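Heads up, data-v9.cif below (mmCIF, C-alpha atoms and all ligand atoms):
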```cif
data_work
#
loop_
_atom_site.label_atom_id
_atom_site.label_comp_id
_atom_site.auth_asym_id
_atom_site.auth_seq_id
_atom_site.Cartn_x
_atom_site.Cartn_y
_atom_site.Cartn_z
CA MET Z 1 -37.55 -17.71 -0.71
CA LYS Z 2 -35.00 -15.95 1.44
CA THR Z 3 -32.27 -16.44 -1.20
CA THR Z 4 -34.57 -15.03 -3.91
CA LEU Z 5 -35.27 -11.95 -1.83
CA ILE Z 6 -31.58 -11.36 -1.21
CA THR Z 7 -30.80 -11.90 -4.91
CA THR Z 8 -33.54 -9.46 -5.93
CA PHE Z 9 -32.33 -6.93 -3.38
CA THR Z 10 -28.73 -7.28 -4.64
CA ALA Z 11 -29.89 -6.83 -8.24
CA ILE Z 12 -31.79 -3.66 -7.33
CA THR Z 13 -28.81 -2.31 -5.39
CA LEU Z 14 -26.51 -3.01 -8.33
CA ALA Z 15 -28.93 -1.34 -10.76
CA LEU Z 16 -29.13 1.73 -8.51
CA THR Z 17 -25.36 1.89 -8.16
CA THR Z 18 -24.91 1.60 -11.94
CA ASN Z 19 -27.50 4.32 -12.56
CA MET Z 20 -25.79 6.56 -10.06
CA ALA Z 21 -22.44 6.00 -11.76
CA LEU Z 22 -24.00 6.87 -15.12
CA ALA Z 23 -25.53 10.03 -13.72
CA GLN Z 24 -22.25 11.23 -12.19
CA GLN Z 25 -20.83 14.45 -13.60
CA HIS Z 26 -17.11 14.22 -14.28
CA LYS Z 27 -14.61 17.02 -14.70
CA ILE Z 28 -10.89 16.74 -15.38
CA ILE Z 29 -8.41 19.42 -14.35
CA TYR Z 30 -4.94 19.55 -15.90
CA ALA Z 31 -2.83 21.35 -13.28
CA GLY Z 32 0.59 22.78 -14.18
CA SER Z 33 1.52 22.94 -10.48
CA VAL Z 34 -0.67 21.74 -7.63
CA MET Z 35 -0.49 21.65 -3.85
CA LEU Z 36 -1.63 18.19 -2.77
CA GLY Z 37 -2.57 16.56 0.54
CA THR Z 38 -2.27 17.78 4.11
CA GLU Z 39 1.52 17.94 3.69
CA GLN Z 40 0.88 20.45 0.89
CA THR Z 41 3.45 18.87 -1.39
CA VAL Z 42 3.73 20.74 -4.69
CA LYS Z 43 3.70 18.51 -7.79
CA THR Z 44 3.82 19.49 -11.44
CA GLU Z 45 1.74 18.22 -14.38
CA GLN Z 46 -1.07 16.45 -12.55
CA THR Z 47 -4.55 15.33 -13.56
CA LEU Z 48 -7.35 15.79 -11.03
CA VAL Z 49 -10.57 13.91 -11.66
CA ILE Z 50 -13.75 15.27 -10.08
CA ALA Z 51 -16.91 13.15 -9.78
CA ASP Z 52 -19.87 15.31 -8.76
CA ASP Z 53 -18.75 17.23 -5.67
CA LYS Z 54 -15.66 15.17 -4.79
CA ILE Z 55 -12.12 14.52 -5.97
CA SER Z 56 -12.20 10.93 -7.26
CA ALA Z 57 -8.64 10.50 -8.58
CA ILE Z 58 -5.29 12.29 -8.84
CA LYS Z 59 -2.83 11.05 -11.48
CA SER Z 60 0.65 12.04 -12.58
CA GLY Z 61 0.97 13.57 -16.03
CA TYR Z 62 -1.88 14.83 -18.22
CA VAL Z 63 -4.09 11.75 -18.66
CA SER Z 64 -6.60 11.86 -21.53
CA LYS Z 65 -10.37 11.50 -21.11
CA ASP Z 66 -10.31 8.23 -23.00
CA ALA Z 67 -7.45 6.80 -20.95
CA LEU Z 68 -9.48 7.65 -17.86
CA GLY Z 69 -12.56 6.00 -19.38
CA LEU Z 70 -14.47 9.29 -19.11
CA PRO Z 71 -15.16 10.36 -22.71
CA GLY Z 72 -17.97 12.70 -21.61
CA ALA Z 73 -15.96 14.57 -18.98
CA GLN Z 74 -15.43 18.34 -19.12
CA VAL Z 75 -11.73 19.21 -19.38
CA ILE Z 76 -10.38 22.30 -17.56
CA ASP Z 77 -6.95 23.46 -18.69
CA LEU Z 78 -4.97 24.97 -15.80
CA LYS Z 79 -1.58 23.94 -17.22
CA ASN Z 80 -0.25 27.49 -16.76
CA HIS Z 81 -1.68 27.85 -13.25
CA PHE Z 82 -0.82 27.06 -9.65
CA VAL Z 83 -3.70 24.95 -8.33
CA MET Z 84 -4.52 24.65 -4.64
CA PRO Z 85 -7.35 23.96 -2.19
CA GLY Z 86 -10.11 26.55 -1.76
CA LEU Z 87 -9.35 29.04 1.00
CA ILE Z 88 -11.18 29.11 4.33
CA ASP Z 89 -11.79 32.29 6.35
CA MET Z 90 -12.56 31.44 9.98
CA HIS Z 91 -13.86 34.86 11.00
CA VAL Z 92 -16.24 36.82 8.80
CA HIS Z 93 -19.51 38.72 9.17
CA VAL Z 94 -21.14 38.24 5.77
CA THR Z 95 -24.36 40.08 6.65
CA PHE Z 96 -22.56 43.32 7.38
CA GLU Z 97 -20.00 45.64 5.84
CA ARG Z 98 -18.62 48.61 7.71
CA ASP Z 99 -19.09 51.87 5.84
CA ALA Z 100 -18.21 55.16 7.53
CA ASN Z 101 -20.65 57.03 5.25
CA VAL Z 102 -23.74 55.03 6.15
CA SER Z 103 -25.97 56.23 8.98
CA ARG Z 104 -25.44 54.03 11.99
CA HIS Z 105 -29.19 54.23 12.55
CA ARG Z 106 -29.93 52.39 9.30
CA TRP Z 107 -30.98 49.24 11.15
CA THR Z 108 -33.95 51.16 12.62
CA THR Z 109 -35.54 51.56 9.17
CA GLU Z 110 -34.77 48.18 7.61
CA TYR Z 111 -35.99 44.60 7.80
CA GLU Z 112 -34.02 41.35 7.87
CA ALA Z 113 -34.62 40.95 4.13
CA ASP Z 114 -32.75 44.21 3.40
CA ASN Z 115 -29.76 42.75 5.16
CA ALA Z 116 -30.02 39.41 3.40
CA LEU Z 117 -30.33 40.97 -0.05
CA ARG Z 118 -27.38 43.29 0.57
CA SER Z 119 -25.35 40.29 1.73
CA ILE Z 120 -25.68 38.51 -1.62
CA LYS Z 121 -22.98 40.66 -3.21
CA TYR Z 122 -20.71 40.23 -0.19
CA LEU Z 123 -21.00 36.46 -0.56
CA GLN Z 124 -20.29 36.60 -4.29
CA ARG Z 125 -17.19 38.73 -3.73
CA THR Z 126 -15.94 36.33 -1.07
CA LEU Z 127 -16.33 33.29 -3.31
CA ASN Z 128 -14.76 35.11 -6.28
CA ALA Z 129 -11.75 35.86 -4.07
CA GLY Z 130 -11.16 32.10 -3.72
CA PHE Z 131 -12.74 31.59 -0.30
CA THR Z 132 -14.87 28.47 -0.73
CA SER Z 133 -15.76 28.16 2.97
CA VAL Z 134 -16.27 30.75 5.68
CA ARG Z 135 -17.13 30.70 9.36
CA ASP Z 136 -19.54 33.53 10.12
CA LEU Z 137 -19.06 34.63 13.72
CA GLY Z 138 -22.01 36.75 14.61
CA SER Z 139 -24.97 37.61 12.37
CA ASN Z 140 -28.69 37.79 13.04
CA TYR Z 141 -30.03 34.21 12.93
CA GLN Z 142 -32.96 35.34 10.78
CA VAL Z 143 -30.51 36.46 8.06
CA ILE Z 144 -27.50 34.15 8.17
CA PHE Z 145 -29.23 30.77 8.26
CA PRO Z 146 -31.56 31.54 5.30
CA LEU Z 147 -28.45 32.74 3.36
CA LYS Z 148 -26.61 29.53 4.24
CA ARG Z 149 -29.53 27.46 2.98
CA ALA Z 150 -29.87 29.54 -0.20
CA ILE Z 151 -26.22 28.79 -0.99
CA GLU Z 152 -26.71 25.08 -0.26
CA ARG Z 153 -29.64 25.07 -2.72
CA ASN Z 154 -27.48 26.97 -5.22
CA ASP Z 155 -30.07 29.76 -5.38
CA ILE Z 156 -27.26 32.27 -4.85
CA ASN Z 157 -23.47 32.02 -5.26
CA GLY Z 158 -21.38 32.09 -2.13
CA PRO Z 159 -18.94 30.17 0.01
CA ARG Z 160 -20.03 27.21 2.12
CA ILE Z 161 -21.12 28.83 5.40
CA PHE Z 162 -20.57 27.56 8.93
CA ALA Z 163 -22.35 30.05 11.15
CA ALA Z 164 -22.69 31.05 14.79
CA GLY Z 165 -25.89 33.06 14.37
CA ASN Z 166 -26.41 35.40 17.30
CA THR Z 167 -23.47 35.94 19.62
CA VAL Z 168 -23.73 34.86 23.25
CA SER Z 169 -22.92 37.98 25.25
CA PRO Z 170 -23.90 39.59 28.57
CA THR Z 171 -26.36 42.50 28.78
CA GLY Z 172 -24.43 45.66 27.91
CA GLY Z 173 -21.56 43.52 26.59
CA HIS Z 174 -19.77 43.85 23.26
CA ALA Z 175 -22.46 42.06 21.22
CA ASP Z 176 -25.41 43.81 22.87
CA LEU Z 177 -26.95 46.86 21.23
CA HIS Z 178 -25.68 50.17 22.61
CA GLY Z 179 -26.81 53.76 22.58
CA TYR Z 180 -30.59 53.40 22.09
CA ARG Z 181 -33.68 53.49 24.30
CA LYS Z 182 -34.24 50.12 25.91
CA ASP Z 183 -37.67 49.63 24.31
CA ILE Z 184 -36.20 50.35 20.86
CA SER Z 185 -33.32 47.88 21.19
CA ASP Z 186 -35.65 45.27 22.74
CA GLY Z 187 -37.99 45.59 19.77
CA VAL Z 188 -35.60 44.40 17.04
CA GLY Z 189 -34.97 40.92 18.38
CA ALA Z 190 -31.24 41.44 18.84
CA SER Z 191 -31.41 39.78 22.23
CA LEU Z 192 -31.30 36.06 21.35
CA GLY Z 193 -27.99 35.11 22.95
CA ILE Z 194 -27.88 37.91 25.52
CA CYS Z 195 -27.60 36.30 28.96
CA ASN Z 196 -26.73 36.95 32.61
CA GLY Z 197 -25.60 34.29 35.07
CA ALA Z 198 -24.52 30.70 34.42
CA ASP Z 199 -28.02 29.21 34.15
CA ASP Z 200 -29.25 31.95 31.87
CA CYS Z 201 -26.16 31.58 29.65
CA ARG Z 202 -26.86 27.83 29.38
CA ARG Z 203 -30.36 28.72 28.20
CA ALA Z 204 -29.06 31.29 25.71
CA THR Z 205 -26.48 28.86 24.29
CA ARG Z 206 -29.18 26.22 23.78
CA GLU Z 207 -31.51 28.74 22.12
CA VAL Z 208 -28.79 29.90 19.74
CA ILE Z 209 -28.08 26.27 18.84
CA LYS Z 210 -31.82 25.66 18.36
CA SER Z 211 -31.90 28.59 15.93
CA GLY Z 212 -29.34 26.76 13.75
CA ALA Z 213 -25.84 27.54 15.05
CA ASP Z 214 -22.96 25.35 13.84
CA VAL Z 215 -20.59 26.97 16.34
CA ILE Z 216 -21.05 29.21 19.39
CA LYS Z 217 -19.53 32.70 19.32
CA ILE Z 218 -19.06 34.46 22.64
CA THR Z 219 -17.73 37.85 23.66
CA ALA Z 220 -15.38 36.92 26.48
CA THR Z 221 -14.17 40.53 26.65
CA GLY Z 222 -15.16 43.97 25.47
CA GLY Z 223 -14.63 44.84 21.83
CA VAL Z 224 -13.21 47.70 19.83
CA LEU Z 225 -16.18 48.56 17.60
CA SER Z 226 -19.03 48.59 20.15
CA ASN Z 227 -20.05 52.12 21.05
CA THR Z 228 -19.22 51.83 24.73
CA ALA Z 229 -16.32 52.98 26.86
CA ALA Z 230 -16.35 49.63 28.72
CA GLY Z 231 -12.84 48.81 27.46
CA VAL Z 232 -11.64 45.39 26.32
CA ASN Z 233 -11.50 43.48 29.59
CA GLN Z 234 -13.34 40.34 30.67
CA GLN Z 235 -17.14 40.63 30.32
CA LEU Z 236 -18.45 37.11 30.89
CA SER Z 237 -17.79 35.72 34.39
CA ASP Z 238 -15.80 32.51 34.88
CA ALA Z 239 -19.01 30.70 35.82
CA GLU Z 240 -20.81 32.01 32.70
CA LEU Z 241 -17.87 31.00 30.48
CA SER Z 242 -17.81 27.45 31.88
CA ALA Z 243 -21.58 27.11 31.54
CA ILE Z 244 -21.51 28.21 27.89
CA VAL Z 245 -18.56 26.00 26.91
CA ASP Z 246 -19.95 22.90 28.66
CA THR Z 247 -23.39 23.40 27.10
CA ALA Z 248 -21.98 23.96 23.62
CA HIS Z 249 -19.67 20.95 23.85
CA HIS Z 250 -22.50 18.72 25.14
CA LEU Z 251 -24.45 19.69 22.03
CA GLY Z 252 -21.48 19.05 19.71
CA ARG Z 253 -20.58 22.69 19.01
CA LYS Z 254 -17.20 24.33 19.32
CA VAL Z 255 -16.84 27.73 20.98
CA ALA Z 256 -15.12 30.73 19.38
CA ALA Z 257 -14.31 33.44 21.91
CA HIS Z 258 -13.90 37.04 20.87
CA ALA Z 259 -11.22 38.19 23.35
CA HIS Z 260 -8.81 41.13 23.54
CA GLY Z 261 -7.83 41.69 27.20
CA THR Z 262 -5.37 39.25 28.82
CA GLN Z 263 -7.52 38.19 31.79
CA GLY Z 264 -10.51 37.51 29.53
CA ILE Z 265 -8.36 35.47 27.14
CA LYS Z 266 -7.03 33.36 30.00
CA ALA Z 267 -10.49 32.90 31.55
CA ALA Z 268 -11.88 31.76 28.18
CA LEU Z 269 -9.00 29.33 27.63
CA LYS Z 270 -9.41 27.92 31.15
CA ALA Z 271 -13.12 27.39 30.44
CA GLY Z 272 -12.13 25.32 27.39
CA VAL Z 273 -12.97 27.45 24.35
CA ASN Z 274 -11.73 26.11 21.00
CA SER Z 275 -10.45 29.39 19.58
CA ILE Z 276 -9.55 32.89 20.67
CA GLU Z 277 -10.52 35.51 18.11
CA HIS Z 278 -8.25 38.59 17.90
CA GLY Z 279 -6.18 37.69 21.03
CA SER Z 280 -4.74 41.19 21.21
CA TYR Z 281 -3.05 41.07 24.62
CA LEU Z 282 -1.18 37.79 25.08
CA ASP Z 283 1.40 37.06 27.75
CA LYS Z 284 3.46 34.00 28.71
CA GLU Z 285 0.69 32.49 30.81
CA ALA Z 286 -1.84 32.91 28.01
CA ILE Z 287 0.56 31.22 25.58
CA ALA Z 288 1.00 28.33 28.05
CA LEU Z 289 -2.81 27.93 28.21
CA PHE Z 290 -3.02 27.81 24.40
CA LYS Z 291 -0.36 25.09 24.37
CA LYS Z 292 -2.05 23.13 27.17
CA THR Z 293 -5.58 23.21 25.69
CA GLY Z 294 -4.69 23.05 21.99
CA ALA Z 295 -6.95 26.05 21.31
CA TYR Z 296 -6.39 28.07 18.15
CA LEU Z 297 -5.61 31.75 17.76
CA VAL Z 298 -7.47 33.50 14.94
CA PRO Z 299 -5.47 36.73 14.74
CA THR Z 300 -7.61 38.97 12.39
CA LEU Z 301 -4.73 41.39 11.69
CA LEU Z 302 -6.69 42.86 8.78
CA ALA Z 303 -9.40 44.12 11.15
CA GLY Z 304 -6.81 45.98 13.20
CA ALA Z 305 -5.21 47.50 10.11
CA THR Z 306 -8.60 48.53 8.68
CA VAL Z 307 -9.96 50.26 11.77
CA SER Z 308 -6.62 51.98 12.42
CA GLU Z 309 -6.87 53.59 8.98
CA GLU Z 310 -10.47 54.56 9.62
CA ALA Z 311 -9.64 56.14 13.00
CA ILE Z 312 -7.39 58.55 11.11
CA SER Z 313 -9.68 59.25 8.14
CA ASN Z 314 -13.16 59.26 9.73
CA PRO Z 315 -13.87 62.28 11.98
CA ASN Z 316 -17.31 60.83 12.84
CA MET Z 317 -15.97 57.71 14.55
CA PRO Z 318 -17.43 57.80 18.10
CA ILE Z 319 -14.77 58.75 20.67
CA ALA Z 320 -15.44 55.58 22.70
CA ILE Z 321 -14.47 53.53 19.63
CA ALA Z 322 -11.55 55.66 18.39
CA ASP Z 323 -9.88 55.47 21.82
CA LYS Z 324 -10.06 51.68 21.81
CA VAL Z 325 -8.73 51.47 18.23
CA ARG Z 326 -5.63 53.48 19.15
CA GLU Z 327 -5.09 51.39 22.27
CA VAL Z 328 -5.66 47.88 20.95
CA THR Z 329 -4.51 47.55 17.35
CA PRO Z 330 -0.74 48.00 17.89
CA LYS Z 331 -0.90 45.14 20.42
CA MET Z 332 -2.50 42.66 17.99
CA GLN Z 333 0.59 42.28 15.83
CA ALA Z 334 2.96 41.89 18.80
CA SER Z 335 0.74 39.19 20.29
CA PHE Z 336 0.53 37.39 16.95
CA LYS Z 337 4.33 37.31 16.75
CA LEU Z 338 4.54 35.90 20.29
CA ALA Z 339 2.02 33.16 19.44
CA LEU Z 340 3.85 32.32 16.22
CA LYS Z 341 7.21 32.06 17.99
CA ASN Z 342 5.70 29.66 20.53
CA GLU Z 343 4.02 27.51 17.86
CA VAL Z 344 0.45 28.13 19.01
CA ASN Z 345 -2.15 26.67 16.62
CA ILE Z 346 -3.14 29.48 14.26
CA ALA Z 347 -6.11 29.60 11.88
CA PHE Z 348 -6.74 32.28 9.27
CA GLY Z 349 -9.46 34.87 9.95
CA THR Z 350 -10.06 38.40 8.72
CA ASP Z 351 -13.15 39.76 10.51
CA SER Z 352 -14.33 40.75 7.00
CA GLY Z 353 -17.30 43.03 7.32
CA VAL Z 354 -14.99 45.28 9.32
CA SER Z 355 -12.90 45.32 6.12
CA ARG Z 356 -14.60 45.01 2.72
CA HIS Z 357 -15.79 41.57 1.70
CA GLY Z 358 -13.70 40.05 -1.08
CA LEU Z 359 -10.44 41.54 0.20
CA ASN Z 360 -9.96 38.63 2.61
CA ALA Z 361 -6.62 37.68 1.01
CA ASN Z 362 -5.09 40.94 2.28
CA GLU Z 363 -4.69 39.12 5.59
CA PHE Z 364 -2.05 36.85 4.00
CA SER Z 365 0.34 39.75 3.40
CA LEU Z 366 -0.06 40.88 7.02
CA LEU Z 367 0.61 37.35 8.33
CA VAL Z 368 3.77 37.10 6.21
CA SER Z 369 5.04 40.61 7.02
CA ASN Z 370 4.62 39.74 10.71
CA GLY Z 371 6.76 36.63 10.49
CA MET Z 372 4.83 33.71 9.02
CA SER Z 373 6.33 31.84 6.10
CA GLU Z 374 4.17 31.75 2.96
CA ALA Z 375 3.62 28.01 3.52
CA GLN Z 376 2.48 28.60 7.12
CA ALA Z 377 0.09 31.35 6.03
CA ILE Z 378 -1.48 29.08 3.39
CA LYS Z 379 -1.71 26.21 5.88
CA SER Z 380 -3.59 28.49 8.33
CA ALA Z 381 -6.29 29.11 5.68
CA THR Z 382 -6.57 25.50 4.49
CA VAL Z 383 -5.44 22.50 6.57
CA SER Z 384 -5.55 24.27 9.97
CA ALA Z 385 -8.83 26.06 9.30
CA ALA Z 386 -10.48 22.78 8.26
CA LYS Z 387 -9.27 21.20 11.51
CA LEU Z 388 -10.68 23.99 13.66
CA LEU Z 389 -13.95 23.73 11.71
CA GLY Z 390 -14.04 20.01 12.51
CA GLN Z 391 -14.28 19.41 8.74
CA ASP Z 392 -10.81 18.04 8.00
CA THR Z 393 -12.19 14.79 6.57
CA GLN Z 394 -13.98 16.87 3.89
CA LEU Z 395 -12.12 20.16 3.45
CA GLY Z 396 -8.71 21.82 3.63
CA ASP Z 397 -6.60 19.89 1.13
CA LEU Z 398 -6.71 18.22 -2.25
CA SER Z 399 -6.81 14.47 -1.80
CA VAL Z 400 -9.06 11.70 -3.10
CA GLY Z 401 -12.45 11.59 -1.39
CA LYS Z 402 -12.48 15.22 -0.29
CA GLN Z 403 -14.76 17.98 -1.52
CA ALA Z 404 -13.68 19.44 -4.86
CA ASP Z 405 -13.02 22.96 -3.52
CA ILE Z 406 -10.26 24.03 -5.90
CA ILE Z 407 -8.80 27.40 -6.87
CA SER Z 408 -5.92 28.55 -9.06
CA VAL Z 409 -3.57 31.52 -9.23
CA ASN Z 410 -1.10 32.64 -11.91
CA ALA Z 411 2.11 31.76 -10.04
CA SER Z 412 3.21 30.07 -6.82
CA PRO Z 413 2.01 31.90 -3.68
CA LEU Z 414 4.81 30.05 -1.85
CA LYS Z 415 7.17 32.51 -3.57
CA ASN Z 416 4.87 35.54 -3.61
CA ILE Z 417 1.94 35.44 -1.18
CA ALA Z 418 0.31 38.41 -2.97
CA GLU Z 419 -0.65 36.01 -5.81
CA LEU Z 420 -3.57 35.00 -3.58
CA LYS Z 421 -5.12 38.46 -4.12
CA ASN Z 422 -5.61 37.52 -7.75
CA VAL Z 423 -7.47 34.20 -7.85
CA GLN Z 424 -8.18 33.04 -11.41
CA PHE Z 425 -10.34 29.94 -11.05
CA VAL Z 426 -12.84 28.91 -8.39
CA MET Z 427 -14.55 25.54 -8.02
CA LYS Z 428 -16.71 24.69 -5.00
CA ALA Z 429 -18.09 21.18 -4.48
CA GLY Z 430 -17.28 20.36 -8.11
CA LEU Z 431 -19.11 23.36 -9.60
CA ILE Z 432 -17.21 26.13 -11.39
CA TYR Z 433 -17.94 29.68 -10.19
CA LYS Z 434 -15.06 31.58 -11.80
CA GLN Z 435 -12.90 30.72 -14.79
ZN ZN P 501 -15.81 39.69 14.36
#
```

Starting from the coordinates I provided, produce the structure as structure tokens.
Amino acid sequence: MKTTLITTFTAITLALTTNMALAQQHKIIYAGSVMLGTEQTVKTEQTLVIADDKISAIKSGYVSKDALGLPGAQVIDLKNHFVMPGLIDMHVHVTFERDANVSRHRWTTEYEADNALRSIKYLQRTLNAGFTSVRDLGSNYQVIFPLKRAIERNDINGPRIFAAGNTVSPTGGHADLHGYRKDISDGVGASLGICNGADDCRRATREVIKSGADVIKITATGGVLSNTAAGVNQQLSDAELSAIVDTAHHLGRKVAAHAHGTQGIKAALKAGVNSIEHGSYLDKEAIALFKKTGAYLVPTLLAGATVSEEAISNPNMPIAIADKVREVTPKMQASFKLALKNEVNIAFGTDSGVSRHGLNANEFSLLVSNGMSEAQAIKSATVSAAKLLGQDTQLGDLSVGKQADIISVNASPLKNIAELKNVQFVMKAGLIYKQ
């Protein structure tokens, strides 16, 4: 009896497996040049086989459908292209795009749906630019998580989203709402994540995670674009920082700390954050803390370059903001160079939303002009970004078993990094979005 049951069960399992194999969608890419594996070795004339959402085989030479035993597979000819893993931007705000001509009171007349619908084109632009995954660091939870799910259902086109939802920040801090009557700012639900004191910050961190956060974003220091003259120094206390980091780590989330001022950067690193975003004022001690903790720097040079331009061209920029722009942005590049020289872990991030969505690849040129090699810049947006995401078993390089997130450009970005501004082909999870 027992044997019969096991036999029947085995037969059913086999039948299911066979049916699944039959139902698999196969695609074959012929790649003229391709960057493979975490070592990012470039090989020529390779065949990549994709089964559903994953890379199932990589073979030397151009192997025919029949030789692969896949007569029904779709063939994609990228013989004249440079093929590489999809890019990852570790710092975006996909529900927002800075526009000097738009009234800064717009949020008082709109609903979450306005924001979500406007975001659809930002997401499309980002994916078209070759960014197949993004980490959104600070968007209203009622907008970003529905967008993430809509992409997962394939209702709309966009990159795979890992999102922080609402930022954990103190009252009056960088991520709080400034310049309005208290009852008005209280009324729009911007306060999930606003906290004061260690216990309250534990509560806020848990509530943000309950709302759907994949990662916790905090404002360890003041920020440039908040309309307050508070500067860019430490804003969360040491006790609040520790409480947030411990709570997030207990619940399996990493912590990304927005931080400009040196003391705030050091306090965040001592509390155990996983990345420092911006990191504008670094010194020797801060570098030593990066090295000791293994935390990443996400430099966002594009944000600095973008707001510096705007400070010159936009006479309506509030004085509190313009002053901070002039003070902070020249420091960002110097600190990046210091981190690079000391081999701090660096992951690619643009703060897109401050700059226009879809121009994310402009960051590459800034990284290279400030001292990174082309190979290092590409690694920061692929292998290193996947590691910081905690997704390196699935994302970040082209090897068998990983997600088929594949892009192509006309010529090798290892020779000319600007090629990445002109992505020709985009596949995410085995589906083609641009060809
Ligand atoms: Zn940001």

Q: Write out as a list in words which residues come within 6 Å of Ala259 of chain Z when counting all atoms listed in the file, dropping same-chain ones fewer than 4 positions away.
A: Ala220, Thr221, Ile265, Glu277 and Gly279 of chain Z

Keeping only C-alpha atoms, write the selected residues as an mmCIF file, in the coordinates of the input.
```cif
data_model
loop_
_atom_site.group_PDB
_atom_site.id
_atom_site.type_symbol
_atom_site.label_atom_id
_atom_site.label_comp_id
_atom_site.auth_asym_id
_atom_site.auth_seq_id
_atom_site.Cartn_x
_atom_site.Cartn_y
_atom_site.Cartn_z
ATOM 1 C CA ALA Z 220 -15.380 36.920 26.480
ATOM 2 C CA THR Z 221 -14.170 40.530 26.650
ATOM 3 C CA ILE Z 265 -8.360 35.470 27.140
ATOM 4 C CA GLU Z 277 -10.520 35.510 18.110
ATOM 5 C CA GLY Z 279 -6.180 37.690 21.030
#
```

Q: Identify, counting all atoms listed in the file, the protein, DNA and RNA residues located within 8 Å of ligand ZN 501 (chain P), and give them as a list in words.
A: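 The residues near ligand ZN 501 (chain P) are His91, Val92, His93, Leu137, Gly138, His258, Glu277, Asp351, Ser352, Gly353 and Val354 of chain Z.
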
**Q.** Selected residue, from Z:Val34, Z:Ala320, Z:Ile29, Z:Leu225, that lies nearest to Asp397 of chain Z when counting only C-alpha atoms
**A.**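 Checking each candidate against Asp397 of chain Z, we get Z:Val34 as the closest.
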
**Q.** Separation of atom CA of Ala116 of chain Z from atom CA of Lys434 of chain Z, in Å and rounded to one decimal
**A.**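 Interatomic distance here is 22.7 Å.
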
6 Å contact set for Thr126 of chain Z, all atoms listed in the file, chain neighbours under 5 positions out, as a short mmCIF file (atom, residue, chain, number, x, y, z; two decimals) with C-alpha atoms, in the coordinates of the input:
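Result went into out.cif, see below:
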```cif
data_model
loop_
_atom_site.label_atom_id
_atom_site.label_comp_id
_atom_site.auth_asym_id
_atom_site.auth_seq_id
_atom_site.Cartn_x
_atom_site.Cartn_y
_atom_site.Cartn_z
CA PHE Z 131 -12.74 31.59 -0.30
CA HIS Z 357 -15.79 41.57 1.70
CA GLY Z 358 -13.70 40.05 -1.08
#
```

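The residue that comes closest to Ile321 of chain Z, out of Z:Thr41, Z:Pro71, Z:Tyr180, Z:Val307 and on the basis of only C-alpha atoms, is Z:Val307.
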